[in-house]
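model02.csv follows; it contains CSV, C-alpha atoms.
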```csv
chain,number,residue,atom,x,y,z
A,1,MET,CA,0.0,0.0,0.0
A,2,SER,CA,1.1,3.5,-0.8
A,3,PRO,CA,1.7,5.7,2.3
A,4,LYS,CA,-1.0,8.3,3.0
A,5,ALA,CA,-0.4,11.7,1.6
A,6,LYS,CA,0.6,14.3,4.2
A,7,ILE,CA,-1.2,17.6,3.8
A,8,VAL,CA,-0.7,20.8,5.7
A,9,LEU,CA,-3.4,23.5,6.0
A,10,ILE,CA,-2.1,27.1,6.2
A,11,TYR,CA,-4.7,29.4,7.7
A,12,THR,CA,-4.2,33.0,6.9
A,13,GLY,CA,-7.6,34.3,7.9
A,14,GLY,CA,-10.8,34.9,6.0
A,15,THR,CA,-14.5,33.9,6.3
A,16,ILE,CA,-13.8,30.2,6.3
A,17,GLY,CA,-12.3,30.5,9.7
A,18,MET,CA,-14.9,32.7,11.3
A,19,VAL,CA,-18.1,32.3,13.3
A,20,LYS,CA,-21.0,34.6,13.7
A,21,ASP,CA,-21.6,36.4,17.0
A,22,PHE,CA,-25.3,35.8,17.3
A,23,LYS,CA,-25.7,38.8,19.6
A,24,SER,CA,-24.1,41.4,17.4
A,25,GLY,CA,-24.4,39.6,14.0
A,26,ALA,CA,-20.7,40.3,13.4
A,27,LEU,CA,-18.2,37.7,12.2
A,28,LYS,CA,-15.2,37.0,14.4
A,29,ALA,CA,-12.2,34.6,14.0
A,30,PHE,CA,-12.2,31.5,16.2
A,31,ASP,CA,-9.3,29.3,17.3
A,32,PHE,CA,-8.1,27.6,14.1
A,33,LYS,CA,-7.6,24.3,16.0
A,34,GLU,CA,-11.4,24.1,16.1
A,35,LEU,CA,-11.7,24.2,12.4
A,36,LEU,CA,-11.2,20.5,11.8
A,37,ASN,CA,-13.5,19.7,14.8
A,38,ARG,CA,-16.2,21.6,13.0
A,39,ILE,CA,-15.7,19.5,9.9
A,40,PRO,CA,-15.5,15.9,11.1
A,41,GLU,CA,-15.9,14.6,7.5
A,42,VAL,CA,-12.2,15.6,7.0
A,43,GLN,CA,-11.3,12.6,9.1
A,44,LEU,CA,-12.7,10.4,6.3
A,45,LEU,CA,-10.1,11.6,3.8
A,46,ASP,CA,-7.3,9.2,3.1
A,47,CYS,CA,-4.5,11.5,4.1
A,48,GLU,CA,-2.7,12.9,7.2
A,49,ILE,CA,-3.5,16.5,8.0
A,50,GLU,CA,-1.6,19.0,10.0
A,51,THR,CA,-2.3,22.7,10.5
A,52,ILE,CA,-0.3,25.9,10.7
A,53,SER,CA,-1.9,29.3,11.4
A,54,PHE,CA,-0.8,32.9,11.1
A,55,GLU,CA,-0.3,34.1,14.7
A,56,THR,CA,-2.7,36.9,13.9
A,57,PRO,CA,-5.1,35.8,11.1
A,58,ILE,CA,-6.0,38.7,8.8
A,59,ASP,CA,-8.9,39.8,6.7
A,60,SER,CA,-7.9,39.3,3.1
A,61,SER,CA,-8.4,43.0,2.4
A,62,ASN,CA,-5.3,43.5,4.5
A,63,MET,CA,-3.3,41.0,2.4
A,64,ASN,CA,0.1,42.4,1.4
A,65,ILE,CA,3.6,41.4,0.3
A,66,LEU,CA,4.7,40.6,3.8
A,67,SER,CA,1.9,38.1,4.1
A,68,TRP,CA,2.8,36.6,0.7
A,69,GLN,CA,6.3,36.2,2.0
A,70,LYS,CA,5.1,34.5,5.1
A,71,ILE,CA,3.0,32.0,3.2
A,72,ALA,CA,5.9,31.3,0.9
A,73,ASN,CA,8.3,30.8,3.8
A,74,ILE,CA,5.9,28.4,5.5
A,75,ILE,CA,5.8,26.3,2.3
A,76,GLU,CA,9.6,26.4,1.9
A,77,GLU,CA,10.2,25.4,5.5
A,78,ASN,CA,7.8,22.5,5.3
A,79,TYR,CA,8.3,21.5,1.7
A,80,SER,CA,10.1,18.2,2.4
A,81,LYS,CA,7.7,17.2,5.1
A,82,PHE,CA,4.4,17.3,3.2
A,83,ASP,CA,3.0,16.2,-0.1
A,84,GLY,CA,0.6,19.1,-0.5
A,85,PHE,CA,-0.4,22.5,0.8
A,86,VAL,CA,-3.9,24.0,1.3
A,87,VAL,CA,-3.9,27.7,1.9
A,88,LEU,CA,-7.1,29.0,3.6
A,89,HIS,CA,-7.6,32.6,2.5
A,90,GLY,CA,-10.2,35.3,2.3
A,91,SER,CA,-11.9,35.4,-1.1
A,92,ASP,CA,-11.6,39.1,-1.8
A,93,THR,CA,-7.9,39.1,-2.7
A,94,MET,CA,-7.4,35.3,-3.2
A,95,SER,CA,-6.6,35.7,-6.9
A,96,TYR,CA,-3.9,38.2,-6.2
A,97,SER,CA,-2.3,35.9,-3.6
A,98,ALA,CA,-2.5,32.8,-5.8
A,99,SER,CA,-0.9,34.8,-8.6
A,100,ALA,CA,1.8,36.1,-6.4
A,101,LEU,CA,2.6,32.7,-4.9
A,102,SER,CA,2.8,31.1,-8.4
A,103,PHE,CA,5.6,33.5,-9.3
A,104,MET,CA,7.4,33.1,-6.0
A,105,LEU,CA,7.5,29.3,-6.1
A,106,GLU,CA,9.9,28.3,-9.0
A,107,ASN,CA,10.2,24.6,-9.8
A,108,LEU,CA,7.2,23.8,-7.7
A,109,ALA,CA,6.5,20.0,-7.8
A,110,LYS,CA,3.7,19.8,-5.3
A,111,PRO,CA,0.2,21.2,-5.1
A,112,VAL,CA,-0.5,24.5,-3.4
A,113,ILE,CA,-4.3,24.9,-3.3
A,114,PHE,CA,-5.9,28.2,-2.3
A,115,THR,CA,-9.5,28.0,-1.0
A,116,GLY,CA,-11.9,29.8,1.2
A,117,SER,CA,-15.7,30.4,1.5
A,118,GLN,CA,-18.4,32.9,1.0
A,119,LEU,CA,-20.1,31.9,4.3
A,120,PRO,CA,-18.5,31.1,7.7
A,121,ILE,CA,-18.0,27.5,8.6
A,122,GLY,CA,-20.7,27.6,11.3
A,123,ASP,CA,-23.4,28.9,9.0
A,124,LEU,CA,-26.1,26.4,8.1
A,125,ARG,CA,-25.7,26.9,4.4
A,126,THR,CA,-21.9,27.3,4.4
A,127,ASP,CA,-19.9,26.5,1.3
A,128,ALA,CA,-16.8,26.1,3.5
A,129,LYS,CA,-17.1,22.4,4.1
A,130,GLU,CA,-17.2,21.3,0.4
A,131,ASN,CA,-14.4,23.8,-0.6
A,132,LEU,CA,-12.1,22.6,2.2
A,133,ILE,CA,-12.7,18.9,1.8
A,134,THR,CA,-12.3,18.9,-1.9
A,135,ALA,CA,-9.2,21.2,-1.8
A,136,ILE,CA,-7.6,18.7,0.6
A,137,GLN,CA,-8.6,15.8,-1.7
A,138,VAL,CA,-7.1,17.6,-4.7
A,139,ALA,CA,-3.9,18.3,-2.8
A,140,SER,CA,-3.6,14.6,-1.9
A,141,LEU,CA,-4.0,13.2,-5.4
A,142,GLN,CA,-1.1,11.0,-6.3
A,143,GLU,CA,-0.2,8.9,-9.4
A,144,ASN,CA,2.9,6.7,-9.3
A,145,ASN,CA,3.8,8.2,-5.9
A,146,LYS,CA,3.9,11.7,-7.5
A,147,PRO,CA,1.4,14.6,-7.0
A,148,VAL,CA,-1.1,14.9,-9.8
A,149,ILE,CA,-1.2,18.7,-9.3
A,150,GLN,CA,2.2,20.5,-9.3
A,151,GLU,CA,1.3,24.1,-9.4
A,152,VAL,CA,-0.5,26.9,-7.5
A,153,CYS,CA,-4.3,26.5,-7.9
A,154,LEU,CA,-7.5,28.0,-6.6
A,155,TYR,CA,-10.4,25.7,-5.7
A,156,PHE,CA,-13.9,27.1,-5.3
A,157,GLU,CA,-17.4,25.8,-5.8
A,158,TYR,CA,-16.6,22.5,-7.7
A,159,LYS,CA,-13.9,24.0,-9.9
A,160,LEU,CA,-10.1,23.8,-9.7
A,161,TYR,CA,-8.4,26.7,-11.5
A,162,ARG,CA,-4.8,27.7,-12.2
A,163,GLY,CA,-4.4,30.3,-9.5
A,164,ASN,CA,-2.8,33.0,-11.7
A,165,ARG,CA,-5.7,32.7,-14.2
A,166,THR,CA,-8.5,33.6,-11.8
A,167,THR,CA,-10.5,36.6,-10.9
A,168,LYS,CA,-13.3,37.1,-8.4
A,169,ILE,CA,-16.6,37.8,-10.1
A,170,SER,CA,-19.2,37.7,-7.3
A,171,ALA,CA,-19.5,38.9,-3.7
A,172,GLU,CA,-22.8,36.9,-3.2
A,173,HIS,CA,-22.8,33.7,-5.2
A,174,PHE,CA,-21.0,30.5,-4.2
A,175,ASN,CA,-19.4,30.3,-7.7
A,176,ALA,CA,-17.4,33.5,-6.8
A,177,PHE,CA,-14.5,32.9,-9.2
A,178,THR,CA,-13.9,32.4,-12.9
A,179,SER,CA,-10.9,31.7,-15.1
A,180,PRO,CA,-11.9,33.9,-18.1
A,181,ASN,CA,-9.1,32.8,-20.6
A,182,PHE,CA,-8.1,29.3,-19.5
A,183,PRO,CA,-10.2,26.1,-18.8
A,184,GLU,CA,-10.5,24.7,-15.3
A,185,LEU,CA,-7.9,22.1,-14.3
A,186,ALA,CA,-10.5,19.9,-12.6
A,187,GLU,CA,-14.1,19.6,-11.8
A,188,SER,CA,-15.7,18.1,-8.8
A,189,GLY,CA,-19.0,16.2,-9.2
A,190,VAL,CA,-19.8,12.6,-8.4
A,191,HIS,CA,-16.3,12.0,-9.5
A,192,LEU,CA,-13.2,14.3,-9.4
A,193,LYS,CA,-12.3,14.8,-13.1
A,194,VAL,CA,-8.8,16.2,-13.7
A,195,ASN,CA,-7.9,17.6,-17.1
A,196,THR,CA,-4.4,16.2,-16.9
A,197,ASP,CA,-3.4,17.7,-20.3
A,198,LEU,CA,-3.7,21.2,-18.9
A,199,VAL,CA,-1.8,20.7,-15.6
A,200,LEU,CA,1.7,22.0,-15.4
A,201,THR,CA,4.5,19.5,-14.7
A,202,ALA,CA,7.7,20.3,-12.8
A,203,ASN,CA,11.2,19.5,-13.9
A,204,SER,CA,12.1,16.7,-11.5
A,205,ASN,CA,15.8,17.6,-11.8
A,206,LYS,CA,15.4,21.0,-10.3
A,207,ASN,CA,14.8,21.9,-6.7
A,208,LEU,CA,12.2,24.4,-5.4
A,209,GLN,CA,13.4,28.0,-5.4
A,210,VAL,CA,11.5,30.6,-3.4
A,211,HIS,CA,11.7,34.2,-4.5
A,212,THR,CA,10.4,36.7,-2.0
A,213,ASP,CA,11.6,40.0,-3.4
A,214,PHE,CA,8.8,42.2,-4.7
A,215,ASP,CA,8.8,45.9,-5.6
A,216,ASP,CA,5.6,47.7,-4.7
A,217,ASN,CA,6.4,51.0,-6.6
A,218,VAL,CA,3.6,50.2,-9.0
A,219,ALA,CA,0.1,51.4,-9.8
A,220,LEU,CA,-3.1,50.4,-11.6
A,221,LEU,CA,-4.8,52.8,-13.9
A,222,LYS,CA,-8.2,52.2,-15.5
A,223,LEU,CA,-9.0,54.2,-18.6
A,224,PHE,CA,-12.4,55.9,-18.8
A,225,PRO,CA,-14.0,58.3,-21.2
A,226,GLY,CA,-13.3,61.9,-20.0
A,227,MET,CA,-9.9,61.2,-18.4
A,228,ASN,CA,-8.0,64.5,-18.6
A,229,GLU,CA,-4.4,65.5,-19.1
A,230,LYS,CA,-3.8,66.9,-15.6
A,231,VAL,CA,-4.9,63.6,-13.9
A,232,LEU,CA,-2.8,61.5,-16.2
A,233,ASN,CA,0.3,63.7,-15.7
A,234,ALA,CA,-0.2,63.7,-11.9
A,235,PHE,CA,-0.4,59.9,-12.0
A,236,PHE,CA,2.9,59.6,-13.8
A,237,ALA,CA,4.5,62.1,-11.5
A,238,ILE,CA,4.1,59.7,-8.5
A,239,PRO,CA,7.6,59.6,-6.8
A,240,ASN,CA,9.6,56.3,-7.4
A,241,LEU,CA,6.9,54.9,-9.7
A,242,LYS,CA,8.4,52.0,-11.7
A,243,GLY,CA,5.5,50.3,-13.4
A,244,ILE,CA,1.8,50.7,-14.3
A,245,VAL,CA,-0.8,48.2,-15.3
A,246,LEU,CA,-3.0,50.1,-17.7
A,247,GLU,CA,-6.5,48.7,-18.1
A,248,THR,CA,-7.5,49.7,-21.7
A,249,TYR,CA,-10.6,49.1,-23.8
A,250,GLY,CA,-11.4,46.0,-25.7
A,251,SER,CA,-8.4,44.3,-27.3
A,252,GLY,CA,-6.0,46.9,-25.9
A,253,ASN,CA,-7.3,50.2,-27.3
A,254,ALA,CA,-6.8,53.7,-25.9
A,255,PRO,CA,-7.3,57.3,-26.9
A,256,THR,CA,-5.2,58.5,-29.8
A,257,GLU,CA,-5.1,62.1,-28.6
A,258,LYS,CA,-1.6,63.5,-28.7
A,259,TRP,CA,-1.4,64.6,-25.1
A,260,PHE,CA,-2.3,61.0,-24.0
A,261,VAL,CA,0.2,59.2,-26.2
A,262,ASP,CA,2.9,61.8,-25.4
A,263,ALA,CA,2.4,61.3,-21.6
A,264,LEU,CA,2.8,57.5,-22.0
A,265,ALA,CA,5.8,57.9,-24.2
A,266,LEU,CA,7.5,60.3,-21.7
A,267,ALA,CA,6.8,57.9,-18.9
A,268,ILE,CA,8.4,55.0,-20.8
A,269,LYS,CA,11.4,57.2,-21.6
A,270,LYS,CA,11.8,57.8,-17.9
A,271,GLY,CA,12.0,54.0,-17.3
A,272,ILE,CA,8.4,53.4,-16.2
A,273,HIS,CA,7.1,50.0,-17.5
A,274,ILE,CA,3.5,50.2,-18.8
A,275,ILE,CA,1.6,47.0,-19.1
A,276,ASN,CA,-1.5,46.9,-21.4
A,277,VAL,CA,-4.3,44.7,-20.2
A,278,THR,CA,-8.0,44.7,-21.2
A,279,GLN,CA,-10.8,45.9,-19.0
A,280,CYS,CA,-13.0,43.1,-20.5
A,281,SER,CA,-13.8,40.1,-18.3
A,282,GLY,CA,-12.4,37.9,-21.0
A,283,GLY,CA,-10.2,38.1,-24.1
A,284,SER,CA,-6.8,39.3,-25.0
A,285,VAL,CA,-4.8,42.4,-25.8
A,286,ALA,CA,-3.7,42.5,-29.5
A,287,MET,CA,-2.0,45.8,-30.0
A,288,GLY,CA,-1.9,46.8,-33.7
A,289,ASN,CA,-5.2,45.4,-34.7
A,290,TYR,CA,-6.7,48.9,-34.5
A,291,GLU,CA,-5.3,52.4,-34.9
A,292,THR,CA,-6.2,53.1,-31.3
A,293,SER,CA,-3.7,50.5,-30.1
A,294,THR,CA,-1.0,50.8,-32.8
A,295,GLN,CA,0.5,53.9,-31.2
A,296,LEU,CA,0.8,52.2,-27.9
A,297,LYS,CA,2.8,49.4,-29.5
A,298,ASN,CA,5.0,51.9,-31.3
A,299,ILE,CA,6.0,53.7,-28.2
A,300,GLY,CA,6.9,50.5,-26.3
A,301,VAL,CA,3.9,49.7,-24.2
A,302,ILE,CA,4.1,46.1,-23.0
A,303,SER,CA,1.4,43.7,-24.1
A,304,GLY,CA,-0.3,41.8,-21.3
A,305,GLU,CA,-2.0,39.5,-23.9
A,306,ASP,CA,-4.7,37.5,-22.0
A,307,ILE,CA,-3.3,37.9,-18.5
A,308,THR,CA,-5.7,38.9,-15.7
A,309,THR,CA,-5.2,42.2,-13.9
A,310,GLU,CA,-4.4,40.3,-10.7
A,311,ALA,CA,-1.7,38.3,-12.4
A,312,ALA,CA,-0.4,41.4,-14.2
A,313,ILE,CA,0.1,43.6,-11.1
A,314,THR,CA,1.7,40.8,-9.1
A,315,LYS,CA,4.0,39.7,-12.1
A,316,LEU,CA,5.0,43.4,-12.4
A,317,MET,CA,5.9,43.6,-8.8
A,318,PHE,CA,7.7,40.3,-9.0
A,319,LEU,CA,9.9,41.1,-12.0
A,320,LEU,CA,10.8,44.5,-10.6
A,321,GLY,CA,11.7,42.8,-7.3
A,322,GLN,CA,14.0,40.4,-9.3
A,323,LYS,CA,15.8,43.4,-10.7
A,324,VAL,CA,15.2,42.4,-14.3
A,325,PRO,CA,17.2,44.8,-16.6
A,326,SER,CA,15.1,47.4,-18.5
A,327,SER,CA,16.4,46.0,-21.8
A,328,GLU,CA,15.0,42.6,-21.0
A,329,PHE,CA,11.9,43.6,-19.1
A,330,LYS,CA,9.4,43.7,-22.0
A,331,LYS,CA,10.5,40.3,-23.3
A,332,GLN,CA,10.3,38.7,-19.8
A,333,PHE,CA,6.9,40.1,-19.1
A,334,GLU,CA,5.5,39.0,-22.4
A,335,THR,CA,6.8,35.5,-21.8
A,336,ALA,CA,4.7,33.1,-19.7
A,337,ILE,CA,6.7,31.9,-16.7
A,338,ARG,CA,4.0,30.0,-14.7
A,339,GLY,CA,1.2,29.5,-17.3
A,340,GLU,CA,-0.3,32.9,-16.5
A,341,MET,CA,-0.6,33.9,-20.2
A,342,MET,CA,-0.7,32.4,-23.6
```

Go ahead and express the file in the form of structure tokens.
Amino acid sequence: MSPKAKIVLIYTGGTIGMVKDFKSGALKAFDFKELLNRIPEVQLLDCEIETISFETPIDSSNMNILSWQKIANIIEENYSKFDGFVVLHGSDTMSYSASALSFMLENLAKPVIFTGSQLPIGDLRTDAKENLITAIQVASLQENNKPVIQEVCLYFEYKLYRGNRTTKISAEHFNAFTSPNFPELAESGVHLKVNTDLVLTANSNKNLQVHTDFDDNVALLKLFPGMNEKVLNAFFAIPNLKGIVLETYGSGNAPTEKWFVDALALAIKKGIHIINVTQCSGGSVAMGNYETSTQLKNIGVISGEDITTEAAITKLMFLLGQKVPSSEFKKQFETAIRGEMM
């Protein structure tokens, strides 16, 4: 018989680890050790489970680079002890964290599954139990004594997605996430069906490398009709600004007015990297298809292709943190490093 898979749950905070105070109606965190006691079904899983919790669990709205580093360090310190990792996380910023961790964990050969819930675990109609149980099950999948999943994923409401391909689409529905430009890696029904052709596989000859350096001198700018020159210039005048994710229209289109193009060209000349991503919920940037994107291409704006905004901003911070030379930055951003873009 094959030995049982050893899985560790990393609790960062979020709704999944909260209970409702029935007097005030407010949600409050409870002792993480109680989590497994509240889901006795976990004991039926054919794996060994241990838990690690942040000393002070946080609401995911307070997620930041230090917390990403903490998660990555926990994984690195326990990498040889466990076969899989399940990260319990608030849903609001889960796609950002899953994207960031995917870039931080180079040569990952084990599953790192992010999950959470829309309702607290003590709620009568909670989605927490199914999400947690199946996330653990996915993390423990083995074939020929090797993990089936070898990348950072996000599991929510019967679907397993590549983490850096996801975005949150609903604050109310249980199917809170989608992967607009890439199919799900697995679907949970009566059976757990894994699309093995889509799953990344690690190079077995390389050891895990954890990169924790990020540069947060970045910003996100969403275009809108009526944006004026003063606002744009003030934005580019932010001290120490090194990169911008620019959410454009459609397939990467933007105004062709001279003041707009000149402002972007001047920023690029100063060394600010500008990443073009679409505001649309799905689809890809294709600069040059229309006149309204040709000028962006000509002045050196970087194409985000079909990357999500969440993956674009974290990849930007990651590459800046790795001190990628300006001469190579465009090429490196436009090249997929963890399956985050086509």

What are the nearest atom pairs, with distances in Å to one decimal, for all residues of stretch 62-100 of chain A that come at most 10 Å from stretch 143-152 of chain A, using all atoms listed in the file, set out by chain and rising residue number as JSON lines?
```
{"residue": "A:Asp83", "atom": "CA", "partner": "A:Pro147", "partner_atom": "CA", "distance": 7.3}
{"residue": "A:Gly84", "atom": "CA", "partner": "A:Pro147", "partner_atom": "CA", "distance": 7.9}
{"residue": "A:Phe85", "atom": "CA", "partner": "A:Val152", "partner_atom": "CA", "distance": 9.4}
{"residue": "A:Val86", "atom": "CA", "partner": "A:Val152", "partner_atom": "CA", "distance": 9.9}
{"residue": "A:Ser97", "atom": "CA", "partner": "A:Val152", "partner_atom": "CA", "distance": 10.0}
{"residue": "A:Ala98", "atom": "CA", "partner": "A:Val152", "partner_atom": "CA", "distance": 6.5}
{"residue": "A:Ser99", "atom": "CA", "partner": "A:Val152", "partner_atom": "CA", "distance": 8.0}
{"residue": "A:Ala100", "atom": "CA", "partner": "A:Val152", "partner_atom": "CA", "distance": 9.5}
```

One number please: atom CA of A:Ala186 to atom CA of A:Asp92, in Å, one decimal.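 Taking atom CA of A:Ala186 and atom CA of A:Asp92, their separation equals 22.1 Å.
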
Using only C-alpha atoms, determine which residues lie at most 8 Å from stretch 309-315 of chain A, disregarding the query and same-chain residues fewer than 3 positions distant; provide the list as a PyMOL selection string. chain A and resi 95-96+99-100+103+164-167+218-220+244-245+247+275+277+304+318-319+333+340

So that I can check the surroundings of A:Thr212, please list as a count of residues only every protein, DNA and RNA residue that reaches within 12 Å of it, counting all atoms listed in the file and ignoring chain neighbours fewer than 6 positions away. 24

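Residues in contact range of A:Glu41, defined as at most 10 Å between all atoms listed in the file, with sequence neighbours fewer than 6 positions away removed, read Lys129, Glu130 and Ile133 of chain A.
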
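Nearest to A:Lys270 of all the residues A:Lys242, A:Arg125, A:His173, A:Lys110 is A:Lys242, based on all atoms listed in the file.
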
Specify the axis-aligned box that encloses all atoms of stretch 153-172 of chain A listed in the file after padding of 4 Å on each side, stating its centre and edge lengths in Å to one decimal as lines of an AutoDock Vina configuration file.
```
center_x = -12.8
center_y = 30.7
center_z = -8.7
size_x = 28.0
size_y = 24.4
size_z = 19.0
```

Restricting to all atoms listed in the file, whichever of A:Leu192, A:Leu296, A:Val210, A:Ile238 is closest to A:Thr134 is A:Leu192

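Distance-wise, atom CA of A:Glu257 and atom CA of A:Lys297 end up 15.0 Å apart.
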
Using atom CA of A:Lys323 and atom CA of A:Ile272 as the two end points, give the distance in Å to one decimal.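 Result for atom CA of A:Lys323 versus atom CA of A:Ile272: 13.6 Å, one decimal.
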
When distances are computed from only C-alpha atoms, which of A:Asn107, A:Gln279, A:Ser327, A:Arg338 shows the smallest separation from A:Cys153?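 Comparing A:Asn107, A:Gln279, A:Ser327, A:Arg338 against A:Cys153, the winner is A:Arg338.
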
Using all atoms listed in the file, can you tell me which of A:Pro180, A:Asp123, A:Ile58, A:Ile307 comes closest to A:Ile337?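 With all atoms listed in the file as the atom set, the closest residue is A:Ile307.
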
Nearest candidate to A:Gln118 (options A:Asn228, A:Asn64, A:Asn253, A:Asn175; using all atoms listed in the file): A:Asn175

I want to know what sits within 10 Å of A:Ile299, based on all atoms listed in the file, with residues of the same chain fewer than 3 positions away left out; could you give that as a PyMOL selection string? chain A and resi 261-262+264-266+268-269+294-296+302

Taking (-7.0, 41.9, 4.0) in the file's coordinates, which residues come within 9 Å, counting only C-alpha atoms, written as a ChimeraX atom specification? /A:13-14,58-64,90,92-93

Of the candidates A:Val112, A:Ser281, A:Lys4, A:Leu221, which one gets nearest to A:Thr178 if we count only C-alpha atoms?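 Of the candidates, the smallest distance to A:Thr178 is held by A:Ser281.
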
Excluding same-chain residues fewer than 4 positions from A:Leu44, what lies within 12 Å of it counting only C-alpha atoms, as an NGL selection string? :A and (36 or 39-40 or 48-49 or 133-134 or 136-137)
